[in-house]
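model-v6.txt follows (compact mmCIF, C-alpha atoms):
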```txt
# COMPACT_ATOMS: atom_id res chain seq x y z
CA MET A 607 -132.39 99.29 -186.02
CA LYS A 608 -134.13 97.76 -189.00
CA VAL A 609 -135.25 99.11 -192.36
CA THR A 610 -138.93 98.21 -192.54
CA LEU A 611 -140.41 101.15 -194.41
CA ILE A 612 -139.57 103.44 -197.28
CA SER A 613 -141.90 106.21 -198.35
CA ILE A 614 -142.80 107.45 -201.75
CA PRO A 615 -144.58 110.79 -202.28
CA VAL A 616 -147.87 110.54 -204.17
CA ARG A 617 -150.38 113.14 -205.34
CA ASP A 618 -153.44 110.93 -204.86
CA GLN A 619 -153.33 108.00 -202.46
CA GLU A 620 -156.28 106.11 -203.94
CA LYS A 621 -154.89 106.43 -207.46
CA ALA A 622 -151.47 105.35 -206.19
CA LEU A 623 -152.93 102.32 -204.42
CA LYS A 624 -154.59 101.25 -207.67
CA PHE A 625 -151.40 101.72 -209.68
CA TYR A 626 -149.10 99.99 -207.22
CA THR A 627 -151.44 97.02 -206.67
CA GLU A 628 -153.21 96.57 -210.01
CA LYS A 629 -150.32 97.41 -212.34
CA LEU A 630 -147.14 96.76 -210.37
CA GLY A 631 -148.60 93.81 -208.46
CA PHE A 632 -147.89 94.94 -204.87
CA ILE A 633 -150.22 93.90 -202.04
CA LYS A 634 -151.93 96.31 -199.66
CA LYS A 635 -150.60 95.77 -196.14
CA LYS A 636 -151.79 98.64 -193.91
CA ASP A 637 -154.56 101.15 -194.42
CA THR A 638 -155.33 103.35 -191.42
CA PRO A 639 -157.46 106.51 -191.66
CA LEU A 640 -155.71 109.69 -190.54
CA ASP A 641 -156.83 113.30 -190.23
CA GLY A 642 -158.39 115.09 -193.23
CA GLY A 643 -158.96 112.05 -195.43
CA ASN A 644 -155.30 111.05 -195.38
CA ARG A 645 -154.32 107.45 -194.79
CA TRP A 646 -151.34 105.52 -193.46
CA LEU A 647 -151.25 103.39 -196.55
CA THR A 648 -148.56 100.79 -197.20
CA VAL A 649 -147.99 98.08 -199.79
CA VAL A 650 -145.51 95.20 -199.93
CA SER A 651 -143.99 93.13 -202.70
CA LYS A 652 -145.90 89.97 -203.56
CA GLU A 653 -142.59 88.08 -203.70
CA ALA A 654 -141.47 89.31 -200.26
CA GLU A 655 -144.46 90.06 -198.09
CA ASP A 656 -142.22 90.19 -195.04
CA GLY A 657 -139.93 92.70 -196.74
CA PRO A 658 -139.97 96.49 -196.32
CA GLU A 659 -143.29 98.28 -196.68
CA LEU A 660 -143.71 101.04 -199.22
CA LEU A 661 -145.58 104.00 -197.71
CA LEU A 662 -147.70 105.87 -200.25
CA GLU A 663 -147.37 109.25 -198.62
CA PRO A 664 -149.48 112.28 -199.65
CA ALA A 665 -146.63 114.70 -198.82
CA PRO A 666 -146.75 116.74 -202.08
CA ILE A 667 -150.35 117.75 -201.35
CA HIS A 668 -149.58 119.09 -197.86
CA PHE A 669 -145.97 120.21 -197.93
CA GLU A 670 -144.98 122.48 -200.79
CA PRO A 671 -141.21 121.70 -200.72
CA SER A 672 -142.06 118.03 -201.24
CA LYS A 673 -144.05 118.95 -204.35
CA VAL A 674 -141.23 121.17 -205.63
CA TYR A 675 -138.68 118.39 -205.11
CA GLN A 676 -140.92 115.78 -206.74
CA ASP A 677 -141.54 118.05 -209.75
CA ALA A 678 -137.82 118.74 -210.12
CA LEU A 679 -136.97 115.03 -210.10
CA MET A 680 -139.69 114.31 -212.63
CA GLU A 681 -138.49 117.05 -214.96
CA ALA A 682 -134.88 115.83 -214.75
CA GLY A 683 -136.03 112.27 -215.42
CA ILE A 684 -134.54 111.08 -212.12
CA PRO A 685 -136.22 108.03 -210.54
CA TYR A 686 -137.54 108.56 -207.02
CA THR A 687 -136.61 104.99 -206.18
CA GLN A 688 -135.97 101.63 -207.80
CA PHE A 689 -137.26 98.08 -207.56
CA ASP A 690 -135.50 94.84 -208.40
CA VAL A 691 -137.02 92.56 -211.02
CA LYS A 692 -135.92 89.20 -212.40
CA ASN A 693 -136.24 90.27 -216.02
CA VAL A 694 -136.42 93.92 -217.08
CA ASP A 695 -137.45 93.09 -220.67
CA ALA A 696 -140.37 90.90 -219.60
CA GLU A 697 -141.50 93.32 -216.91
CA SER A 698 -141.41 96.35 -219.18
CA GLU A 699 -143.31 94.44 -221.84
CA ARG A 700 -145.94 93.42 -219.28
CA LEU A 701 -146.28 96.99 -217.96
CA THR A 702 -146.37 98.55 -221.44
CA LYS A 703 -149.35 96.33 -222.24
CA LEU A 704 -151.01 97.83 -219.15
CA ASP A 705 -150.44 101.33 -220.61
CA VAL A 706 -147.56 102.22 -218.29
CA GLU A 707 -145.33 104.82 -219.94
CA PHE A 708 -141.59 104.28 -220.05
CA SER A 709 -139.20 107.24 -220.34
CA ILE A 710 -136.23 104.86 -220.68
CA LYS A 711 -136.69 101.53 -222.42
CA PRO A 712 -134.67 98.53 -221.20
CA THR A 713 -131.01 99.55 -221.40
CA ILE A 714 -127.82 97.77 -220.43
CA MET A 715 -125.34 99.70 -218.30
CA GLY A 716 -122.31 97.65 -217.31
CA THR A 717 -123.51 94.82 -215.11
CA VAL A 718 -127.16 95.90 -214.87
CA LYS A 719 -130.14 96.31 -217.15
CA TYR A 720 -132.64 99.02 -216.23
CA ALA A 721 -135.72 100.85 -217.44
CA VAL A 722 -137.66 103.85 -216.11
CA PHE A 723 -141.43 104.36 -216.05
CA ASN A 724 -143.94 106.95 -214.84
CA ASP A 725 -145.99 105.86 -211.82
CA THR A 726 -148.76 108.42 -212.69
CA CYS A 727 -148.50 109.74 -209.11
CA GLY A 728 -145.67 112.20 -209.75
CA ASN A 729 -142.66 109.87 -209.80
CA ASN A 730 -140.27 108.18 -212.16
CA ILE A 731 -139.55 104.63 -210.98
CA GLN A 732 -136.60 102.54 -212.12
CA ILE A 733 -136.64 98.77 -212.43
CA VAL A 734 -133.32 96.97 -212.35
CA GLU A 735 -131.99 93.52 -213.14
CA GLU A 736 -128.47 92.44 -212.25
CA LEU A 737 -126.72 90.79 -215.17
CA MET B 1389 -132.39 113.58 -223.48
CA THR B 1390 -133.13 114.15 -219.79
CA PHE B 1391 -130.60 115.27 -217.19
CA TYR B 1392 -130.71 111.74 -215.73
CA GLU B 1393 -129.87 110.07 -219.04
CA LYS B 1394 -126.98 112.47 -219.60
CA GLU B 1395 -125.59 111.68 -216.15
CA LEU B 1396 -125.95 107.93 -216.72
CA ASN B 1397 -124.14 108.21 -220.03
CA LYS B 1398 -121.34 110.06 -218.30
CA ILE B 1399 -121.05 107.37 -215.60
CA CYS B 1400 -121.22 104.67 -218.23
CA SER B 1401 -118.31 106.12 -220.19
CA ILE B 1402 -116.18 106.44 -217.05
CA VAL B 1403 -117.05 103.34 -215.02
CA TYR B 1404 -118.28 100.86 -217.60
CA SER B 1405 -115.93 101.43 -220.53
CA ASN B 1406 -114.00 98.15 -220.19
CA LYS B 1407 -116.26 95.59 -221.87
CA GLY B 1408 -113.82 92.74 -221.32
CA GLN B 1409 -113.78 93.28 -217.57
CA ILE B 1410 -117.57 93.62 -217.45
CA ASN B 1411 -118.05 90.36 -219.34
CA THR B 1412 -115.67 88.58 -216.97
CA ALA B 1413 -117.50 89.96 -213.92
CA ILE B 1414 -120.87 88.94 -215.40
CA GLY B 1415 -119.46 85.48 -216.17
CA ILE B 1416 -118.30 85.04 -212.57
CA ARG B 1417 -121.67 86.14 -211.22
CA ASN B 1418 -123.51 83.77 -213.56
CA TYR B 1419 -121.27 80.93 -212.47
CA ILE B 1420 -122.06 81.64 -208.80
CA GLU B 1421 -125.79 81.97 -209.60
CA ASN B 1422 -125.84 78.56 -211.30
CA ASN B 1423 -123.51 76.74 -208.91
CA TYR B 1424 -124.26 78.32 -205.52
CA ASP B 1425 -125.05 74.85 -204.13
CA ALA B 1426 -121.62 73.43 -205.06
CA LYS B 1427 -118.32 73.81 -203.26
CA LEU B 1428 -117.17 77.20 -204.54
CA ASN B 1429 -114.00 79.06 -203.70
CA LEU B 1430 -111.72 81.65 -205.24
CA ASP B 1431 -109.29 79.00 -206.53
CA LEU B 1432 -112.02 77.30 -208.53
CA LEU B 1433 -113.50 80.56 -209.83
CA SER B 1434 -110.12 81.88 -210.91
CA ARG B 1435 -109.23 78.60 -212.67
CA ILE B 1436 -112.51 78.63 -214.59
CA HIS B 1437 -112.18 82.26 -215.68
CA PHE B 1438 -108.42 82.17 -216.34
CA ILE B 1439 -107.62 85.10 -214.08
CA SER B 1440 -105.68 85.43 -210.86
CA LYS B 1441 -107.51 85.20 -207.55
CA TYR B 1442 -106.55 88.74 -206.64
CA HIS B 1443 -107.74 90.15 -209.97
CA LEU B 1444 -110.99 88.20 -209.78
CA LEU B 1445 -111.73 89.50 -206.29
CA ARG B 1446 -110.98 93.10 -207.29
CA LEU B 1447 -113.00 92.84 -210.50
CA PHE B 1448 -116.06 91.34 -208.85
CA LYS B 1449 -116.04 93.89 -206.03
CA LYS B 1450 -115.64 96.73 -208.51
CA TYR B 1451 -118.76 95.81 -210.47
CA TYR B 1452 -121.02 94.21 -207.85
CA GLY B 1453 -119.95 96.07 -204.71
CA GLN B 1454 -119.43 92.82 -202.78
CA THR B 1455 -116.81 90.09 -202.68
CA PRO B 1456 -117.75 86.83 -204.46
CA ARG B 1457 -117.96 85.18 -201.02
CA GLN B 1458 -120.42 87.79 -199.69
CA TYR B 1459 -122.44 87.46 -202.89
CA LEU B 1460 -122.48 83.67 -202.59
CA ILE B 1461 -123.61 83.75 -198.95
CA ASP B 1462 -126.45 86.16 -199.76
CA LYS B 1463 -127.54 83.95 -202.64
CA ARG B 1464 -127.50 80.85 -200.43
CA ILE B 1465 -129.53 82.61 -197.73
CA VAL B 1466 -132.15 83.75 -200.27
CA LYS B 1467 -132.38 80.19 -201.61
CA SER B 1468 -132.55 78.68 -198.13
CA LYS B 1469 -135.46 80.98 -197.24
CA GLU B 1470 -137.30 79.70 -200.31
CA LYS B 1471 -136.64 76.08 -199.33
CA LEU B 1472 -137.67 76.59 -195.69
CA LYS B 1473 -140.81 78.34 -196.91
CA ASN B 1474 -141.62 75.20 -198.90
CA GLY B 1475 -141.31 73.13 -195.74
CA MET B 1476 -137.84 71.62 -196.22
CA SER B 1477 -136.08 70.72 -192.96
CA VAL B 1478 -133.25 72.92 -191.65
CA THR B 1479 -130.57 70.24 -192.08
CA GLU B 1480 -131.66 69.34 -195.58
CA THR B 1481 -131.82 73.02 -196.56
CA CYS B 1482 -128.35 73.66 -195.16
CA PHE B 1483 -126.68 71.06 -197.38
CA ASP B 1484 -129.00 71.66 -200.32
CA VAL B 1485 -127.87 75.28 -200.71
CA GLY B 1486 -124.18 74.38 -200.41
CA PHE B 1487 -123.24 74.95 -196.77
CA ASP B 1488 -121.18 72.14 -195.29
CA SER B 1489 -121.80 72.85 -191.63
CA LEU B 1490 -125.08 73.31 -189.82
CA GLY B 1491 -123.40 75.60 -187.32
CA SER B 1492 -122.14 78.11 -189.87
CA PHE B 1493 -125.46 77.97 -191.76
CA SER B 1494 -127.44 78.78 -188.60
CA THR B 1495 -125.10 81.58 -187.58
CA LEU B 1496 -125.10 83.18 -191.04
CA PHE B 1497 -128.86 82.78 -191.42
CA LYS B 1498 -129.45 84.51 -188.09
CA THR B 1499 -127.02 87.31 -188.91
CA LYS B 1500 -128.65 87.93 -192.29
CA THR B 1501 -132.35 87.54 -191.39
CA GLY B 1502 -132.53 88.17 -187.66
CA LYS B 1503 -133.96 84.69 -187.00
CA SER B 1504 -132.47 81.23 -186.75
CA PRO B 1505 -133.43 78.81 -189.56
CA SER B 1506 -135.61 76.78 -187.17
CA GLU B 1507 -137.42 79.91 -185.94
CA TYR B 1508 -137.93 80.95 -189.55
CA LEU B 1509 -139.23 77.48 -190.48
CA LYS B 1510 -141.64 77.45 -187.53
CA GLU B 1511 -142.94 80.88 -188.52
CA GLN B 1512 -143.54 79.71 -192.10
CA LEU B 1513 -145.33 76.57 -190.98
CA SER B 1514 -147.61 78.51 -188.61
CA ARG B 1515 -148.37 80.95 -191.43
CA SER B 1516 -149.46 78.23 -193.81
CA THR B 1517 -151.85 76.57 -191.34
```
Kindly transcribe the structure held in the file into structure tokens.
Amino acid sequence: MKVTLISIPVRDQEKALKFYTEKLGFIKKKDTPLDGGNRWLTVVSKEAEDGPELLLEPAPIHFEPSKVYQDALMEAGIPYTQFDVKNVDAESERLTKLDVEFSIKPTIMGTVKYAVFNDTCGNNIQIVEEL
Amino acid sequence: MTFYEKELNKICSIVYSNKGQINTAIGIRNYIENNYDAKLNLDLLSRIHFISKYHLLRLFKKYYGQTPRQYLIDKRIVKSKEKLKNGMSVTETCFDVGFDSLGSFSTLFKTKTGKSPSEYLKEQLSRST
């Protein structure tokens, strides 16, 4: 078995695609039309195109418990997932200039530095740098 | 303050309260990061950081979740992928990232990536043409 895909729930796939490619810098990998205007839509990291794909999944629109869970995480400030970056300070500065909102500014915790931002699709996302 | 921040603060005060230990662990990691291509072993790392081998091993595992050796191997594999991607030969890559035997490099590379270094190199070359 291999880990090739992780999914992230989004409220609007087109908006998510724009955010994840234009702001975060991911690259679109697969885009297949599905029933009812939904898409099998995945992106990959520019630095590891052969790495796991991130599925931008419209679950909160079609499955109420997914929406409830996503809302609860957002309200508690809990990140849905996290991505590794080389430099949290530089990345958060770059994203702030692109109007990305951070709920936690770069913070050191033991042997990591992290920050948390809003992906505008219903999720908090954490970026992490190992110190 | 959100629930998440409160929880992190709690964890921080329990797990990350010993600044001295954290600085030592970070120092060891930085040393491995900057010298992954050299001959590294626990004896050398413990001499440099003035702590016993056993303590160093325990400390590193506590804060990074891996032994220094596992961390070093992962680092070397990441670096070797970069070098192979840039077209460096398998043998040259092997010694350039600090392995001293082609056999152990190939075995570790295959275990970690699912492909042998030469298969990986071939794939990269066919991608770039």
List every residue of chain B that has an atom at most 10 Å from any atom of chain A, and for each one report the closest atom pair and its distance in Å to one decimal, counting all atoms listed in the file, with rows sorted by chain and then by increasing residue number, as CSV.
```
residue,atom,partner,partner_atom,distance
B:Met1389,CA,A:Gly683,CA,8.9
B:Thr1390,CA,A:Gly683,CA,5.6
B:Phe1391,CA,A:Ala682,CA,5.0
B:Tyr1392,CA,A:Ile684,CA,5.3
B:Glu1393,CA,A:Gly683,CA,7.5
B:Lys1394,CA,A:Ala682,CA,9.9
B:Glu1395,CA,A:Ile684,CA,9.8
B:Leu1396,CA,A:Met715,CA,8.4
B:Asn1397,CA,A:Met715,CA,8.8
B:Ile1399,CA,A:Met715,CA,9.2
B:Cys1400,CA,A:Met715,CA,6.5
B:Ser1401,CA,A:Met715,CA,9.7
B:Val1403,CA,A:Gly716,CA,8.1
B:Tyr1404,CA,A:Gly716,CA,5.2
B:Ser1405,CA,A:Gly716,CA,8.1
B:Asn1406,CA,A:Gly716,CA,8.8
B:Lys1407,CA,A:Gly716,CA,7.9
B:Gln1409,CA,A:Gly716,CA,9.6
B:Ile1410,CA,A:Gly716,CA,6.2
B:Asn1411,CA,A:Thr717,CA,8.2
B:Ala1413,CA,A:Thr717,CA,7.8
B:Ile1414,CA,A:Leu737,CA,6.1
B:Gly1415,CA,A:Leu737,CA,9.1
B:Arg1417,CA,A:Leu737,CA,7.9
B:Asn1418,CA,A:Leu737,CA,7.9
B:Tyr1451,CA,A:Thr717,CA,6.7
B:Tyr1452,CA,A:Thr717,CA,7.7
B:Gly1502,CA,A:Lys608,CA,9.8
```
Val691 of chain A environment, 7 Å, all atoms listed in the file, sequence neighbours closer than 4 positions dropped, as a count of residues only: 3
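Atom CA of Pro1456 of chain B is positioned 20.0 Å from atom CA of Lys692 of chain A.
For Leu661 of chain A, the non-local neighbours within 10 Å, defined as residues at least 6 positions apart in the same chain or in other chains and counting only C-alpha atoms, are Leu611, Ile612, Ser613, Ile614, Pro615, Val616, Gln619, Lys635, Lys636, Asp637, Arg645, Trp646, Leu647, Thr648, Val649 and Val650 of chain A.
Put simply, atom CA of Thr713 of chain A is 21.2 Å away from atom CA of Phe1448 of chain B.
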For segment 1391-1399 of chain B, what centre and edge lengths in Å (one decimal) does the axis-aligned box get once 6 Å is added on each side of all its listed atoms, as AutoDock Vina command-line options?
```
--center_x -125.9 --center_y 111.3 --center_z -217.8 --size_x 21.7 --size_y 19.9 --size_z 16.4
```
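Atom CA of Leu662 of chain A is positioned 9.2 Å from atom CA of Tyr626 of chain A.
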Polymer residues at most 9 Å from segment 1433-1443 of chain B, all atoms listed in the file, same-chain spacing of 4 or more positions, as an MDAnalysis selection string: chainID B and resid 1412 1415:1416 1419:1420 1428:1429 1447:1448
Nearby residues (all atoms listed in the file) at most 10 Å from Ser651 of chain A, same-chain spacing under 3 positions excluded, as a PyMOL selection string: chain A and resi 626-627+630-635+654-660+689
Please save C-alpha atoms of the selected residues as a JSON list (two decimals), in the frame of the given file.
```json
[["chain", "number", "residue", "atom", "x", "y", "z"],
["A", 626, "TYR", "CA", -149.10, 99.99, -207.22],
["A", 627, "THR", "CA", -151.44, 97.02, -206.67],
["A", 630, "LEU", "CA", -147.14, 96.76, -210.37],
["A", 631, "GLY", "CA", -148.60, 93.81, -208.46],
["A", 632, "PHE", "CA", -147.89, 94.94, -204.87],
["A", 633, "ILE", "CA", -150.22, 93.90, -202.04],
["A", 634, "LYS", "CA", -151.93, 96.31, -199.66],
["A", 635, "LYS", "CA", -150.60, 95.77, -196.14],
["A", 654, "ALA", "CA", -141.47, 89.31, -200.26],
["A", 655, "GLU", "CA", -144.46, 90.06, -198.09],
["A", 656, "ASP", "CA", -142.22, 90.19, -195.04],
["A", 657, "GLY", "CA", -139.93, 92.70, -196.74],
["A", 658, "PRO", "CA", -139.97, 96.49, -196.32],
["A", 659, "GLU", "CA", -143.29, 98.28, -196.68],
["A", 660, "LEU", "CA", -143.71, 101.04, -199.22],
["A", 689, "PHE", "CA", -137.26, 98.08, -207.56]]
```
Fix up segment 645-671 of chain A with N, CA and C atoms, then write it as a short mmCIF file (atom, residue, chain, number, x, y, z; two decimals), in the coordinates of the input.
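rebuild.cif, freshly written:
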```
data_model
loop_
_atom_site.label_atom_id
_atom_site.label_comp_id
_atom_site.auth_asym_id
_atom_site.auth_seq_id
_atom_site.Cartn_x
_atom_site.Cartn_y
_atom_site.Cartn_z
N ARG A 645 -154.41 108.82 -195.31
CA ARG A 645 -154.32 107.45 -194.79
C ARG A 645 -152.86 107.06 -194.57
N TRP A 646 -152.64 106.18 -193.59
CA TRP A 646 -151.34 105.52 -193.46
C TRP A 646 -151.48 104.28 -194.32
N LEU A 647 -150.96 104.40 -195.53
CA LEU A 647 -151.25 103.39 -196.55
C LEU A 647 -149.94 102.75 -197.02
N THR A 648 -149.80 101.45 -196.77
CA THR A 648 -148.56 100.79 -197.20
C THR A 648 -148.85 99.57 -198.08
N VAL A 649 -147.90 99.28 -198.95
CA VAL A 649 -147.99 98.08 -199.79
C VAL A 649 -146.67 97.31 -199.65
N VAL A 650 -146.74 96.02 -199.95
CA VAL A 650 -145.51 95.20 -199.93
C VAL A 650 -145.41 94.40 -201.23
N SER A 651 -144.21 93.94 -201.51
CA SER A 651 -143.99 93.13 -202.70
C SER A 651 -144.65 91.77 -202.54
N LYS A 652 -145.26 91.28 -203.60
CA LYS A 652 -145.90 89.97 -203.56
C LYS A 652 -144.87 88.86 -203.33
N GLU A 653 -143.64 89.10 -203.82
CA GLU A 653 -142.59 88.08 -203.70
C GLU A 653 -141.89 88.13 -202.33
N ALA A 654 -142.11 89.20 -201.58
CA ALA A 654 -141.47 89.31 -200.26
C ALA A 654 -142.40 90.07 -199.33
N GLU A 655 -143.46 89.38 -198.92
CA GLU A 655 -144.46 90.06 -198.09
C GLU A 655 -143.92 90.47 -196.73
N ASP A 656 -142.82 89.80 -196.31
CA ASP A 656 -142.22 90.19 -195.04
C ASP A 656 -141.10 91.21 -195.24
N GLY A 657 -140.96 91.69 -196.45
CA GLY A 657 -139.93 92.70 -196.74
C GLY A 657 -140.40 94.10 -196.36
N PRO A 658 -139.60 95.12 -196.69
CA PRO A 658 -139.97 96.49 -196.32
C PRO A 658 -141.31 96.92 -196.93
N GLU A 659 -142.03 97.75 -196.16
CA GLU A 659 -143.29 98.28 -196.68
C GLU A 659 -143.01 99.57 -197.44
N LEU A 660 -143.82 99.81 -198.44
CA LEU A 660 -143.71 101.04 -199.22
C LEU A 660 -144.87 101.94 -198.79
N LEU A 661 -144.54 103.08 -198.18
CA LEU A 661 -145.58 104.00 -197.71
C LEU A 661 -145.96 104.97 -198.82
N LEU A 662 -147.23 104.96 -199.21
CA LEU A 662 -147.70 105.87 -200.25
C LEU A 662 -148.14 107.15 -199.54
N GLU A 663 -147.23 108.10 -199.50
CA GLU A 663 -147.37 109.25 -198.62
C GLU A 663 -147.86 110.49 -199.38
N PRO A 664 -148.93 111.13 -198.89
CA PRO A 664 -149.48 112.28 -199.65
C PRO A 664 -148.72 113.59 -199.39
N ALA A 665 -147.42 113.51 -199.17
CA ALA A 665 -146.63 114.70 -198.82
C ALA A 665 -146.75 115.86 -199.82
N PRO A 666 -146.73 115.59 -201.14
CA PRO A 666 -146.75 116.74 -202.08
C PRO A 666 -148.03 117.58 -201.99
N ILE A 667 -149.10 116.99 -201.44
CA ILE A 667 -150.35 117.75 -201.35
C ILE A 667 -150.30 118.72 -200.15
N HIS A 668 -149.54 118.33 -199.12
CA HIS A 668 -149.58 119.09 -197.86
C HIS A 668 -148.31 119.88 -197.56
N PHE A 669 -147.24 119.57 -198.25
CA PHE A 669 -145.97 120.21 -197.93
C PHE A 669 -145.31 120.65 -199.22
N GLU A 670 -145.40 121.94 -199.50
CA GLU A 670 -144.98 122.48 -200.79
C GLU A 670 -143.55 122.05 -201.21
N PRO A 671 -142.57 122.11 -200.29
CA PRO A 671 -141.21 121.70 -200.72
C PRO A 671 -141.16 120.27 -201.27
#
```
